[in-house]
file entry-v8.pdb (PDB, C-alpha atoms and all ligand atoms)
MODEL        1
ATOM      1  CA  MET A 204     -62.718 -10.283  20.203  1.00  0.00           C
ATOM      2  CA  PRO A 205     -65.942  -9.837  22.159  1.00  0.00           C
ATOM      3  CA  GLU A 206     -66.567 -11.905  25.238  1.00  0.00           C
ATOM      4  CA  GLN A 207     -69.463 -14.292  25.022  1.00  0.00           C
ATOM      5  CA  PRO A 208     -72.199 -13.445  27.485  1.00  0.00           C
ATOM      6  CA  PRO A 209     -72.325 -15.999  30.282  1.00  0.00           C
ATOM      7  CA  ARG A 210     -76.033 -16.437  29.652  1.00  0.00           C
ATOM      8  CA  SER A 211     -78.635 -14.721  27.540  1.00  0.00           C
ATOM      9  CA  HIS A 212     -80.278 -11.540  28.827  1.00  0.00           C
ATOM     10  CA  ASP A 213     -83.004 -12.360  31.341  1.00  0.00           C
ATOM     11  CA  PHE A 214     -85.698  -9.905  30.243  1.00  0.00           C
ATOM     12  CA  ASP A 215     -88.163 -11.274  32.802  1.00  0.00           C
ATOM     13  CA  ALA A 216     -86.029 -10.565  35.856  1.00  0.00           C
ATOM     14  CA  GLU A 217     -88.004  -8.158  38.026  1.00  0.00           C
ATOM     15  CA  TYR A 218     -86.438  -4.856  38.940  1.00  0.00           C
ATOM     16  CA  ALA A 219     -84.827  -4.968  42.361  1.00  0.00           C
ATOM     17  CA  ALA A 220     -82.171  -2.789  43.915  1.00  0.00           C
ATOM     18  CA  THR A 221     -79.706  -5.560  44.515  1.00  0.00           C
ATOM     19  CA  ASP A 222     -76.129  -5.361  45.707  1.00  0.00           C
ATOM     20  CA  VAL A 223     -74.486  -8.209  43.862  1.00  0.00           C
ATOM     21  CA  GLY A 224     -71.155  -7.598  45.571  1.00  0.00           C
ATOM     22  CA  ARG A 225     -67.990  -8.332  43.690  1.00  0.00           C
ATOM     23  CA  THR A 226     -68.686  -9.996  40.371  1.00  0.00           C
ATOM     24  CA  THR A 227     -66.417 -12.427  38.603  1.00  0.00           C
ATOM     25  CA  PHE A 228     -67.881 -11.453  35.232  1.00  0.00           C
ATOM     26  CA  PRO A 229     -65.179 -10.146  32.925  1.00  0.00           C
ATOM     27  CA  PHE A 230     -65.352  -6.415  32.254  1.00  0.00           C
ATOM     28  CA  THR A 231     -63.239  -4.337  29.919  1.00  0.00           C
ATOM     29  CA  TRP A 232     -62.248  -0.701  29.838  1.00  0.00           C
ATOM     30  CA  ARG A 233     -60.933   1.513  27.080  1.00  0.00           C
ATOM     31  CA  ASP A 234     -60.516   5.150  26.215  1.00  0.00           C
ATOM     32  CA  SER A 235     -63.651   6.906  25.066  1.00  0.00           C
ATOM     33  CA  ASP A 236     -63.677   7.955  21.443  1.00  0.00           C
ATOM     34  CA  ASP A 237     -62.603  11.506  22.251  1.00  0.00           C
ATOM     35  CA  GLY A 238     -59.904  10.324  24.628  1.00  0.00           C
ATOM     36  CA  LEU A 239     -61.328  12.381  27.499  1.00  0.00           C
ATOM     37  CA  GLY A 240     -62.866   9.554  29.425  1.00  0.00           C
ATOM     38  CA  VAL A 241     -62.987   5.824  29.837  1.00  0.00           C
ATOM     39  CA  VAL A 242     -65.705   3.342  28.914  1.00  0.00           C
ATOM     40  CA  VAL A 243     -66.274   0.310  31.129  1.00  0.00           C
ATOM     41  CA  GLU A 244     -68.262  -2.482  29.502  1.00  0.00           C
ATOM     42  CA  GLY A 245     -69.449  -5.951  30.376  1.00  0.00           C
ATOM     43  CA  HIS A 246     -72.533  -7.921  31.295  1.00  0.00           C
ATOM     44  CA  CYS A 247     -74.759  -7.280  34.295  1.00  0.00           C
ATOM     45  CA  PRO A 248     -74.148 -10.046  36.876  1.00  0.00           C
ATOM     46  CA  ARG A 249     -77.867 -10.218  37.630  1.00  0.00           C
ATOM     47  CA  CYS A 250     -79.819  -9.962  34.355  1.00  0.00           C
ATOM     48  CA  HIS A 251     -76.836 -10.673  32.065  1.00  0.00           C
ATOM     49  CA  GLY A 252     -77.679  -7.745  29.811  1.00  0.00           C
ATOM     50  CA  ARG A 253     -74.899  -5.813  28.139  1.00  0.00           C
ATOM     51  CA  THR A 254     -74.061  -2.746  30.211  1.00  0.00           C
ATOM     52  CA  ARG A 255     -71.626   0.101  29.824  1.00  0.00           C
ATOM     53  CA  ARG A 256     -70.615   3.157  31.748  1.00  0.00           C
ATOM     54  CA  GLU A 257     -68.634   6.120  30.554  1.00  0.00           C
ATOM     55  CA  ILE A 258     -66.591   8.007  33.117  1.00  0.00           C
ATOM     56  CA  ARG A 259     -65.215  11.406  32.177  1.00  0.00           C
ATOM     57  CA  ARG A 260     -61.740  12.410  33.150  1.00  0.00           C
ATOM     58  CA  ILE A 261     -61.073  15.733  34.795  1.00  0.00           C
ATOM     59  CA  VAL A 262     -58.702  18.070  33.018  1.00  0.00           C
ATOM     60  CA  PRO A 263     -56.520  19.462  35.831  1.00  0.00           C
ATOM     61  CA  GLY A 264     -57.243  23.095  36.593  1.00  0.00           C
ATOM     62  CA  THR A 265     -60.535  23.348  34.719  1.00  0.00           C
ATOM     63  CA  GLY A 266     -63.634  23.839  36.763  1.00  0.00           C
ATOM     64  CA  THR A 267     -63.038  21.268  39.447  1.00  0.00           C
ATOM     65  CA  LYS A 268     -62.962  23.851  42.258  1.00  0.00           C
ATOM     66  CA  GLY A 269     -65.816  23.445  44.699  1.00  0.00           C
ATOM     67  CA  ALA A 270     -66.371  19.865  43.682  1.00  0.00           C
ATOM     68  CA  PRO A 271     -64.529  17.962  46.383  1.00  0.00           C
ATOM     69  CA  SER A 272     -66.487  14.838  45.624  1.00  0.00           C
ATOM     70  CA  VAL A 273     -64.791  14.476  42.251  1.00  0.00           C
ATOM     71  CA  PRO A 274     -62.473  11.505  42.572  1.00  0.00           C
ATOM     72  CA  SER A 275     -58.879  12.614  42.317  1.00  0.00           C
ATOM     73  CA  TRP A 276     -58.070   9.686  40.060  1.00  0.00           C
ATOM     74  CA  LEU A 277     -60.201  10.947  37.228  1.00  0.00           C
ATOM     75  CA  ARG A 278     -57.471  13.135  35.860  1.00  0.00           C
ATOM     76  CA  LEU A 279     -56.497  13.483  32.299  1.00  0.00           C
ATOM     77  CA  ARG A 280     -53.256  11.575  32.131  1.00  0.00           C
ATOM     78  CA  ARG A 281     -50.388  13.258  30.457  1.00  0.00           C
ATOM     79  CA  ASN A 282     -49.368   9.916  29.018  1.00  0.00           C
ATOM     80  CA  PRO A 283     -52.382   7.578  29.087  1.00  0.00           C
ATOM     81  CA  GLU A 284     -50.334   4.653  27.879  1.00  0.00           C
ATOM     82  CA  ALA A 285     -47.841   4.814  30.705  1.00  0.00           C
ATOM     83  CA  ALA A 286     -48.023   1.614  32.716  1.00  0.00           C
ATOM     84  CA  THR A 287     -48.062   3.448  36.032  1.00  0.00           C
ATOM     85  CA  ASP A 288     -50.996   5.633  34.967  1.00  0.00           C
ATOM     86  CA  GLN A 289     -52.884   2.642  33.633  1.00  0.00           C
ATOM     87  CA  ALA A 290     -52.333   0.802  36.887  1.00  0.00           C
ATOM     88  CA  MET A 291     -53.699   3.796  38.804  1.00  0.00           C
ATOM     89  CA  ASP A 292     -56.724   4.049  36.531  1.00  0.00           C
ATOM     90  CA  GLN A 293     -57.438   0.362  36.814  1.00  0.00           C
ATOM     91  CA  GLU A 294     -57.114   0.393  40.587  1.00  0.00           C
ATOM     92  CA  VAL A 295     -59.778   3.064  40.930  1.00  0.00           C
ATOM     93  CA  LEU A 296     -62.067   1.512  38.342  1.00  0.00           C
ATOM     94  CA  LEU A 297     -61.968  -1.657  40.410  1.00  0.00           C
ATOM     95  CA  ALA A 298     -63.026   0.322  43.492  1.00  0.00           C
ATOM     96  CA  GLU A 299     -65.993   1.916  41.728  1.00  0.00           C
ATOM     97  CA  ARG A 300     -69.580   0.740  42.084  1.00  0.00           C
ATOM     98  CA  TYR A 301     -71.447   0.042  38.863  1.00  0.00           C
ATOM     99  CA  PHE A 302     -75.169  -0.017  38.204  1.00  0.00           C
ATOM    100  CA  CYS A 303     -76.998  -2.073  35.627  1.00  0.00           C
ATOM    101  CA  ALA A 304     -77.606  -0.031  32.484  1.00  0.00           C
ATOM    102  CA  CYS A 305     -78.674  -2.835  30.178  1.00  0.00           C
ATOM    103  CA  GLY A 306     -81.322  -0.618  28.570  1.00  0.00           C
ATOM    104  CA  HIS A 307     -84.156  -3.066  29.154  1.00  0.00           C
ATOM    105  CA  PRO A 308     -87.105  -1.776  31.214  1.00  0.00           C
ATOM    106  CA  HIS A 309     -87.321  -4.702  33.626  1.00  0.00           C
ATOM    107  CA  PRO A 310     -90.736  -5.500  35.163  1.00  0.00           C
ATOM    108  CA  ASN A 311     -91.747  -3.489  38.247  1.00  0.00           C
ATOM    109  CA  ARG A 312     -89.177  -0.827  37.550  1.00  0.00           C
ATOM    110  CA  PRO A 313     -90.144   2.289  39.563  1.00  0.00           C
ATOM    111  CA  SER A 314     -91.256   5.146  37.346  1.00  0.00           C
ATOM    112  CA  ASP A 315     -89.132   7.552  39.383  1.00  0.00           C
ATOM    113  CA  GLY A 316     -86.036   5.514  38.715  1.00  0.00           C
ATOM    114  CA  HIS A 317     -82.838   7.097  37.562  1.00  0.00           C
ATOM    115  CA  ALA A 318     -83.230   8.558  34.112  1.00  0.00           C
ATOM    116  CA  GLY A 319     -80.718   7.144  31.727  1.00  0.00           C
ATOM    117  CA  ARG A 320     -80.081   4.176  33.950  1.00  0.00           C
ATOM    118  CA  VAL A 321     -82.574   1.704  32.613  1.00  0.00           C
ATOM    119  CA  GLY A 322     -81.782  -1.721  33.949  1.00  0.00           C
ATOM    120  CA  CYS A 323     -82.618  -4.369  36.517  1.00  0.00           C
ATOM    121  CA  GLY A 324     -81.450  -2.392  39.562  1.00  0.00           C
ATOM    122  CA  ALA A 325     -78.355  -4.422  40.284  1.00  0.00           C
ATOM    123  CA  SER A 326     -75.143  -2.828  41.457  1.00  0.00           C
ATOM    124  CA  TRP A 327     -71.724  -4.369  41.848  1.00  0.00           C
ATOM    125  CA  VAL A 328     -68.008  -3.867  42.017  1.00  0.00           C
ATOM    126  CA  LEU A 329     -65.651  -5.453  39.539  1.00  0.00           C
ATOM    127  CA  GLY A 330     -63.497  -8.495  40.123  1.00  0.00           C
ATOM    128  CA  ALA A 331     -61.987  -8.813  36.659  1.00  0.00           C
ATOM    129  CA  LEU A 332     -61.144  -5.870  34.438  1.00  0.00           C
ATOM    130  CA  ALA A 333     -59.059  -5.857  31.278  1.00  0.00           C
ATOM    131  CA  ARG A 334     -57.743  -2.896  29.331  1.00  0.00           C
ATOM    132  CA  ILE A 335     -58.530  -3.064  25.618  1.00  0.00           C
ATOM    133  CA  GLY A 336     -58.043  -0.891  22.575  1.00  0.00           C
ATOM    134  CA  ALA A 337     -54.837   0.844  23.592  1.00  0.00           C
ATOM    135  CA  ARG A 338     -53.951   3.391  21.002  1.00  0.00           C
TER     136      ARG A 338
HETATM  137 ZN    ZN B 401     -79.090  -5.993  35.041  1.00  0.00          ZN
HETATM  138 ZN    ZN B 402     -81.298  -6.331  31.942  1.00  0.00          ZN
ENDMDL
END
call {"tool": "encode", "arguments": {"input": "entry-v8.pdb", "output": "structure tokens"}}
result
Amino acid sequence: MPEQPPRSHDFDAEYAATDVGRTTFPFTWRDSDDGLGVVVEGHCPRCHGRTRREIRRIVPGTGTKGAPSVPSWLRLRRNPEAATDQAMDQEVLLAERYFCACGHPHPNRPSDGHAGRVGCGASWVLGALARIGAR
């Protein structure tokens, strides 16, 4: 049951690196198709475009040495459906910062902008996040 967008996508919004703060827009998260990551989806609080972000989990003991910046939460859970693990995942997802990836090249977007992050430049943290699609 998809959420209705709060408003239609504002294609004319000019690109601006904007910290929206904590949004009240509803976001969802689910396992990625291969089960090795999570997908966070919702609508950008600034331009209202549909945006998603996939975050890969780290398999413990595989190539994470020398990467201290890797968040410790991003571990492959032994039992992803366990309520305690889900609560941990959700807690960290709520602490993450998200960037608009609506896919629309908003006006005045800098040409040296982040590749693969085409959007209006907004960033935010989540206020509402719901787990969907549990296997
Ligand atoms: Zn946006
Ligand atoms: Zn947009």
call {"tool": "closest_residue", "arguments": {"input": "entry-v8.pdb", "among": "A:Leu239, A:Ala290, A:Val295, A:Cys247", "to": "Val262 in chain A", "atoms": "all atoms listed in the file"}}
result
A:Leu239
call {"tool": "resolve_selection", "arguments": {"input": "entry-v8.pdb", "expression": "the PyMOL selection byres (((not hetatm)) within 10 of (chain B and resi 401))", "output": "number ranges by chain"}}
result
A: 212-214, 216-221, 246-254, 302-309, 321-326
call {"tool": "write_last_selection", "arguments": {"input": "entry-v8.pdb", "atoms": "C-alpha atoms", "output": "compact mmCIF listing (two decimals), in the frame of the given file"}}
result
# COMPACT_ATOMS: atom_id res chain seq x y z
CA HIS A 212 -80.28 -11.54 28.83
CA ASP A 213 -83.00 -12.36 31.34
CA PHE A 214 -85.70 -9.90 30.24
CA ALA A 216 -86.03 -10.56 35.86
CA GLU A 217 -88.00 -8.16 38.03
CA TYR A 218 -86.44 -4.86 38.94
CA ALA A 219 -84.83 -4.97 42.36
CA ALA A 220 -82.17 -2.79 43.92
CA THR A 221 -79.71 -5.56 44.52
CA HIS A 246 -72.53 -7.92 31.30
CA CYS A 247 -74.76 -7.28 34.30
CA PRO A 248 -74.15 -10.05 36.88
CA ARG A 249 -77.87 -10.22 37.63
CA CYS A 250 -79.82 -9.96 34.35
CA HIS A 251 -76.84 -10.67 32.06
CA GLY A 252 -77.68 -7.74 29.81
CA ARG A 253 -74.90 -5.81 28.14
CA THR A 254 -74.06 -2.75 30.21
CA PHE A 302 -75.17 -0.02 38.20
CA CYS A 303 -77.00 -2.07 35.63
CA ALA A 304 -77.61 -0.03 32.48
CA CYS A 305 -78.67 -2.84 30.18
CA GLY A 306 -81.32 -0.62 28.57
CA HIS A 307 -84.16 -3.07 29.15
CA PRO A 308 -87.10 -1.78 31.21
CA HIS A 309 -87.32 -4.70 33.63
CA VAL A 321 -82.57 1.70 32.61
CA GLY A 322 -81.78 -1.72 33.95
CA CYS A 323 -82.62 -4.37 36.52
CA GLY A 324 -81.45 -2.39 39.56
CA ALA A 325 -78.36 -4.42 40.28
CA SER A 326 -75.14 -2.83 41.46
call {"tool": "closest_residue", "arguments": {"input": "entry-v8.pdb", "among": "A:Arg255, A:Arg300, A:Arg334, A:Arg260", "to": "Thr226 in chain A", "atoms": "all atoms listed in the file"}}
result
A:Arg300
call {"tool": "closest_residue", "arguments": {"input": "entry-v8.pdb", "among": "A:Glu294, A:Asp215, A:Glu257, A:Glu299", "to": "Gly238 in chain A", "atoms": "all atoms listed in the file"}}
result
A:Glu257
call {"tool": "closest_residue", "arguments": {"input": "entry-v8.pdb", "among": "A:Val243, A:Arg312, A:Gly330, A:Ala298", "to": "ligand ZN 402 (chain B)", "atoms": "all atoms listed in the file"}}
result
A:Arg312
call {"tool": "atom_distance", "arguments": {"input": "entry-v8.pdb", "atom1": "CA of Ala331 in chain A", "atom2": "CA of Pro229 in chain A"}}
result
5.1 Å
call {"tool": "residues_around", "arguments": {"input": "entry-v8.pdb", "residues": "Asp236 in chain A", "least_positions_apart": "3", "cutoff": "12 Å", "atoms": "all atoms listed in the file", "output": "number ranges by chain"}}
result
A: 233, 239-242, 257, 259, 336-338
call {"tool": "closest_residue", "arguments": {"input": "entry-v8.pdb", "among": "A:Phe230, A:Arg225, A:Pro310, A:Leu296", "to": "ligand ZN 402 (chain B)", "atoms": "all atoms listed in the file"}}
result
A:Pro310
call {"tool": "closest_residue", "arguments": {"input": "entry-v8.pdb", "among": "A:Ala286, A:Arg256, A:Gln293, A:Ile261", "to": "Arg320 in chain A", "atoms": "only C-alpha atoms"}}
result
A:Arg256
call {"tool": "axis_aligned_box", "arguments": {"input": "entry-v8.pdb", "around": "range 324-336 of chain A", "padding_each_side": "4 Å", "output": "lines of an AutoDock Vina configuration file"}}
result
center_x = -69.6
center_y = -4.9
center_z = 32.3
size_x = 31.7
size_y = 15.9
size_z = 27.4
call {"tool": "atom_distance", "arguments": {"input": "entry-v8.pdb", "atom1": "CA of Ser211 in chain A", "atom2": "CA of Ser314 in chain A"}}
result
25.5 Å
call {"tool": "atom_distance", "arguments": {"input": "entry-v8.pdb", "atom1": "CA of Gln289 in chain A", "atom2": "CA of Trp327 in chain A"}}
result
21.7 Å
call {"tool": "build_atoms", "arguments": {"input": "entry-v8.pdb", "residues": "range 223-235 of chain A", "atoms": "N, CA and C atoms", "output": "mmCIF file, in the frame of the given file"}}
result
data_model
loop_
_atom_site.group_PDB
_atom_site.id
_atom_site.type_symbol
_atom_site.label_atom_id
_atom_site.label_comp_id
_atom_site.auth_asym_id
_atom_site.auth_seq_id
_atom_site.Cartn_x
_atom_site.Cartn_y
_atom_site.Cartn_z
ATOM 1 N N VAL A 223 -75.002 -6.905 44.262
ATOM 2 C CA VAL A 223 -74.486 -8.209 43.862
ATOM 3 C C VAL A 223 -73.123 -8.482 44.521
ATOM 4 N N GLY A 224 -72.488 -7.422 45.000
ATOM 5 C CA GLY A 224 -71.155 -7.598 45.571
ATOM 6 C C GLY A 224 -70.100 -7.555 44.483
ATOM 7 N N ARG A 225 -69.063 -8.315 44.687
ATOM 8 C CA ARG A 225 -67.990 -8.332 43.690
ATOM 9 C C ARG A 225 -68.268 -9.426 42.674
ATOM 10 N N THR A 226 -68.357 -9.022 41.408
ATOM 11 C CA THR A 226 -68.686 -9.996 40.371
ATOM 12 C C THR A 226 -67.415 -10.581 39.771
ATOM 13 N N THR A 227 -67.529 -11.806 39.315
ATOM 14 C CA THR A 227 -66.417 -12.427 38.603
ATOM 15 C C THR A 227 -66.588 -12.296 37.099
ATOM 16 N N PHE A 228 -67.690 -11.651 36.668
ATOM 17 C CA PHE A 228 -67.881 -11.453 35.232
ATOM 18 C C PHE A 228 -66.752 -10.591 34.680
ATOM 19 N N PRO A 229 -66.265 -10.940 33.505
ATOM 20 C CA PRO A 229 -65.179 -10.146 32.925
ATOM 21 C C PRO A 229 -65.674 -8.816 32.363
ATOM 22 N N PHE A 230 -65.048 -7.732 32.805
ATOM 23 C CA PHE A 230 -65.352 -6.415 32.254
ATOM 24 C C PHE A 230 -64.108 -5.878 31.551
ATOM 25 N N THR A 231 -64.357 -4.955 30.636
ATOM 26 C CA THR A 231 -63.239 -4.337 29.919
ATOM 27 C C THR A 231 -63.323 -2.824 30.070
ATOM 28 N N TRP A 232 -62.210 -2.158 29.888
ATOM 29 C CA TRP A 232 -62.248 -0.701 29.838
ATOM 30 C C TRP A 232 -61.319 -0.221 28.742
ATOM 31 N N ARG A 233 -61.698 0.915 28.181
ATOM 32 C CA ARG A 233 -60.933 1.513 27.080
ATOM 33 C C ARG A 233 -61.133 3.012 27.118
ATOM 34 N N ASP A 234 -60.331 3.710 26.346
ATOM 35 C CA ASP A 234 -60.516 5.150 26.215
ATOM 36 C C ASP A 234 -61.802 5.422 25.464
ATOM 37 N N SER A 235 -62.499 6.484 25.856
ATOM 38 C CA SER A 235 -63.651 6.906 25.066
ATOM 39 C C SER A 235 -63.151 7.442 23.731
#
